[in-house]
Each structure stands twice: as structure tokens, then as C-alpha cells.
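Q: Here it is, the structure, as C-alpha cells.
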Amino acid sequence: MNYSQKPLAERIRPQTLDDLIGQEHLVGQEGVLRKAIKAGRIPSMILWGPPGVGKTTIANIIANSINAPFFTLSAISSGVKEVREVIQKAKFQSNTILFIDEIHRFNKSQQDALLGAVEKGDITLIGATTENPSFEVNAALLSRTQVYTLKALAKEDLHRLITNALEKDEFLKQKEVKLKETEALFNISGGDARKLLNLLDLVVENIQGNTVEITNDVVKEIA
């Protein structure tokens with residue numbers, strides 16, 4: 001995919017903890033995940049939080065920071081076969097990280113397929129879920145992982161995301177974007193950073209001319 005065709009959220013996805021907006025309790029200077037990355041000792045974990053708050057981004061940053069082999073599976077489209085294939089590859093690569101998005105969608109037998117590899121340290125599991133893992137992840141797997149709760153992004157975080165995008169994205173910078181109002185952007189995206197950024201991109205793309213004034217009415221008309 002051409003860079004310009006990627007969604008804005010993907011174009012400016014943070015590559016380091018310092019670039020990440022929000023989740024200070026986990027990745028701030030005293031955050032438990034920052035300390036784990038610095039020490040190079042990453043536990044298997046479940047990242048629990050609402051959509052678009054940084055679960056996938058944190059998993060990618062962890063893998064990049066420790067230069068580890070990184071595999072991604074979606075529980076929607078993957079099963080025991082795909083899990084076992086990654087585990088087999090991990091036997092020949094040290095510090096392998098397996099990221100499973102929407103891990104709550106795995107049934108018990110699929111989750112059980114992870115147990116041995118996680119317990120032996122053959123893989124470091126990072127699972128992402130929007131559902132309470134106490135109810136959706138089986139007890140055996142929970143006992144082998146740490147659960148970290150991600151918080152919904154505050155309005156100041158969302159505003160920083162927009163400002164950051166306007167300053168850094170090469171395509172948005174081609175226009176003079178004036179952010180007059182933000183309520184519609186925030187309300188329609190519902191606190192989901194991915195949805196917010198892609199909505200911003202859509203609005204800017206759909207306004208003709210080099211000067212773009214973003215107002216609540218403009219956003220509502222385009223969204």
C-alpha cells in the first residue's frame with residue numbers, strides 16, 4: 001500500500017513510548033511497562049481497555065524496543081492451527097512476541113493452546129481485549145499473564161492527537177488546517193483515537209482548496 005493511501009492513524013502510529021499519547025500510568029516515566037522495557041524483561045500480558053486507546057500500538061512499541069520477533073494474530077480469523085505455527089517458529093527465535101488482538105474471542109481450547117508456550121517462556125504473549133479478562137480469558141491463562149488496564153483518553157489527550165497529526169503528517173501539512181471547533185470530532189469518534197484521526201483525515205480530504213476550517217457543522221456534514 002502506498003504511504004499516502006494508509007489511514008492517518010497508521011501513518012502517524014507512535015514508534016516509541018515518548019511518542020505515545022495517554023496511558024501515563026503504564027508508559028510514563030514511572031510506568032510499569034516503561035520500566036519493564038528498560039529492563040528488557042517483558043512479561044506475558046493482557047491489555048484491557050476500550051477501542052482506540054493504544055493496545056496495538058503499545059504491543060508494537062514493545063517489540064521494536066527490545067528488537068524481538070513479532071507475530072500478530074486476530075482472534076476473529078485465527079485459531080489453534082495459527083497459534084501452533086507461531087509457537088513452532090518461536091522455538092528457533094528467542095524473545096518471540098505473539099500479539100493476539102481481541103483475545104476474548106478465543107474459546108477455551110484455543111486459549112489452552114497457548115498455555116505451555118507461555119509458561120515455558122517460548123513466547124511472550126500480549127493479548128488485547130475490550131472485554132473484562134476476568135470473565136473472557138480462562139483462569140489458567142490469566143495466572144500466567146499480567147493484566148494491565150488502559151484508560152479512556154481524556155479530551156486533552158484527544159486534542160494533542162489532533163495537534164500532533166496536523167504538525168507531523170506530510171499530507172495534512174500540504175493544507176492550511178484551522179481547527180475552529182472540536183466537539184463534533186470528539187463526539188463522533190467516541191474517544192477512539194483511531195477513529196478520531198481517520199475522521200480528521202476524511203474531513204480534510206473532502207474540503208476543497210488549500211485552507212481548511214474545521215467546525216462542528218463541517219464535521220457533521222462529512223462524517
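By convention in this document, the chains of the C-alpha cells carry letters A, B, ... by their order, each chain's residues are numbered from 1, and ligands are numbered from 1 in the order they are shown.
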Using 8 Å as the limit and counting only C-alpha atoms, can you tabulate each residue of stretch 93-202 of chain A that touches stretch 38-48 of chain A, with its shortest atom-to-atom distance in Å and the two atoms involved, as JSON lines?
A:
```
{"residue": "A:Val118", "atom": "CA", "partner": "A:Ser44", "partner_atom": "CA", "distance": 7.2}
{"residue": "A:Thr124", "atom": "CA", "partner": "A:Ser44", "partner_atom": "CA", "distance": 4.9}
{"residue": "A:Leu125", "atom": "CA", "partner": "A:Ser44", "partner_atom": "CA", "distance": 4.6}
{"residue": "A:Ile126", "atom": "CA", "partner": "A:Met45", "partner_atom": "CA", "distance": 5.0}
{"residue": "A:Gly127", "atom": "CA", "partner": "A:Ile46", "partner_atom": "CA", "distance": 4.6}
{"residue": "A:Ala128", "atom": "CA", "partner": "A:Leu47", "partner_atom": "CA", "distance": 4.8}
{"residue": "A:Thr129", "atom": "CA", "partner": "A:Trp48", "partner_atom": "CA", "distance": 5.0}
{"residue": "A:Thr130", "atom": "CA", "partner": "A:Trp48", "partner_atom": "CA", "distance": 5.7}
{"residue": "A:Glu131", "atom": "CA", "partner": "A:Trp48", "partner_atom": "CA", "distance": 6.9}
{"residue": "A:Asn132", "atom": "CA", "partner": "A:Trp48", "partner_atom": "CA", "distance": 7.0}
{"residue": "A:Pro133", "atom": "CA", "partner": "A:Trp48", "partner_atom": "CA", "distance": 7.2}
{"residue": "A:Arg144", "atom": "CA", "partner": "A:Ser44", "partner_atom": "CA", "distance": 7.1}
{"residue": "A:Thr145", "atom": "CA", "partner": "A:Met45", "partner_atom": "CA", "distance": 4.7}
{"residue": "A:Gln146", "atom": "CA", "partner": "A:Met45", "partner_atom": "CA", "distance": 4.5}
{"residue": "A:Val147", "atom": "CA", "partner": "A:Ile46", "partner_atom": "CA", "distance": 4.7}
{"residue": "A:Tyr148", "atom": "CA", "partner": "A:Leu47", "partner_atom": "CA", "distance": 5.1}
{"residue": "A:Thr149", "atom": "CA", "partner": "A:Trp48", "partner_atom": "CA", "distance": 4.8}
{"residue": "A:Leu150", "atom": "CA", "partner": "A:Trp48", "partner_atom": "CA", "distance": 5.9}
```
Q: Would you save the residues of that selection, restricted to C-alpha atoms, as a PDB file, in the first residue's frame?
A:
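Full text of again.pdb as output:
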```pdb
ATOM      1  CA  VAL A 118       3.621 -19.035  27.701  1.00  0.00           C
ATOM      2  CA  THR A 124       5.737 -13.655  25.294  1.00  0.00           C
ATOM      3  CA  LEU A 125       2.013 -13.274  24.853  1.00  0.00           C
ATOM      4  CA  ILE A 126       0.419  -9.854  24.512  1.00  0.00           C
ATOM      5  CA  GLY A 127      -3.332 -10.128  24.288  1.00  0.00           C
ATOM      6  CA  ALA A 128      -5.622  -7.177  23.627  1.00  0.00           C
ATOM      7  CA  THR A 129      -9.236  -7.107  24.704  1.00  0.00           C
ATOM      8  CA  THR A 130     -12.098  -4.676  25.127  1.00  0.00           C
ATOM      9  CA  GLU A 131     -13.841  -7.135  27.461  1.00  0.00           C
ATOM     10  CA  ASN A 132     -13.132  -7.814  31.132  1.00  0.00           C
ATOM     11  CA  PRO A 133     -10.482 -10.556  31.022  1.00  0.00           C
ATOM     12  CA  ARG A 144       0.380 -16.841  33.523  1.00  0.00           C
ATOM     13  CA  THR A 145      -0.115 -13.214  32.480  1.00  0.00           C
ATOM     14  CA  GLN A 146      -0.248  -9.717  33.916  1.00  0.00           C
ATOM     15  CA  VAL A 147      -3.397  -7.711  33.252  1.00  0.00           C
ATOM     16  CA  TYR A 148      -2.884  -4.014  32.512  1.00  0.00           C
ATOM     17  CA  THR A 149      -5.888  -1.715  32.237  1.00  0.00           C
ATOM     18  CA  LEU A 150      -5.765   1.081  29.661  1.00  0.00           C
TER      19      LEU A 150
END
```
Q: Residues of stretch 150-206 of chain A in helix (DSSP H, G or I) according to DSSP, as JSON, numbers by chain?
A: {"A": [155, 156, 157, 158, 159, 160, 161, 162, 163, 164, 165, 166, 167, 168, 172, 173, 174, 183, 184, 185, 186, 187, 188, 189, 193, 194, 195, 196, 197, 198, 199, 200, 201, 202, 203, 204, 205]}
Q: Between A:Lys175, A:Arg11, A:His104, A:Arg84, single out the one closest to A:Val137, counting only C-alpha atoms.
A: A:His104
Q: Excluding same-chain residues fewer than 2 positions from A:Pro7, what lies within 10 Å of it counting only C-alpha atoms, as a list in words?
A: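 Near A:Pro7, the qualifying residues are Tyr3, Ser4, Gln5, Ala9, Glu10, Arg11, Ile12, Arg13, Arg194, Lys195, Leu197, Asn198, Leu199, Asp201 and Leu202 of chain A.
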Q: Measure the distance from atom CA of A:Phe92 to atom CA of A:Pro69 in Å and round it to one decimal.
A: 10.5 Å
Q: In Å to one decimal, how far is atom CA of A:Asp19 from atom CA of A:Ser74?
A: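 Rounded to one decimal, the two atoms are 25.2 Å apart.
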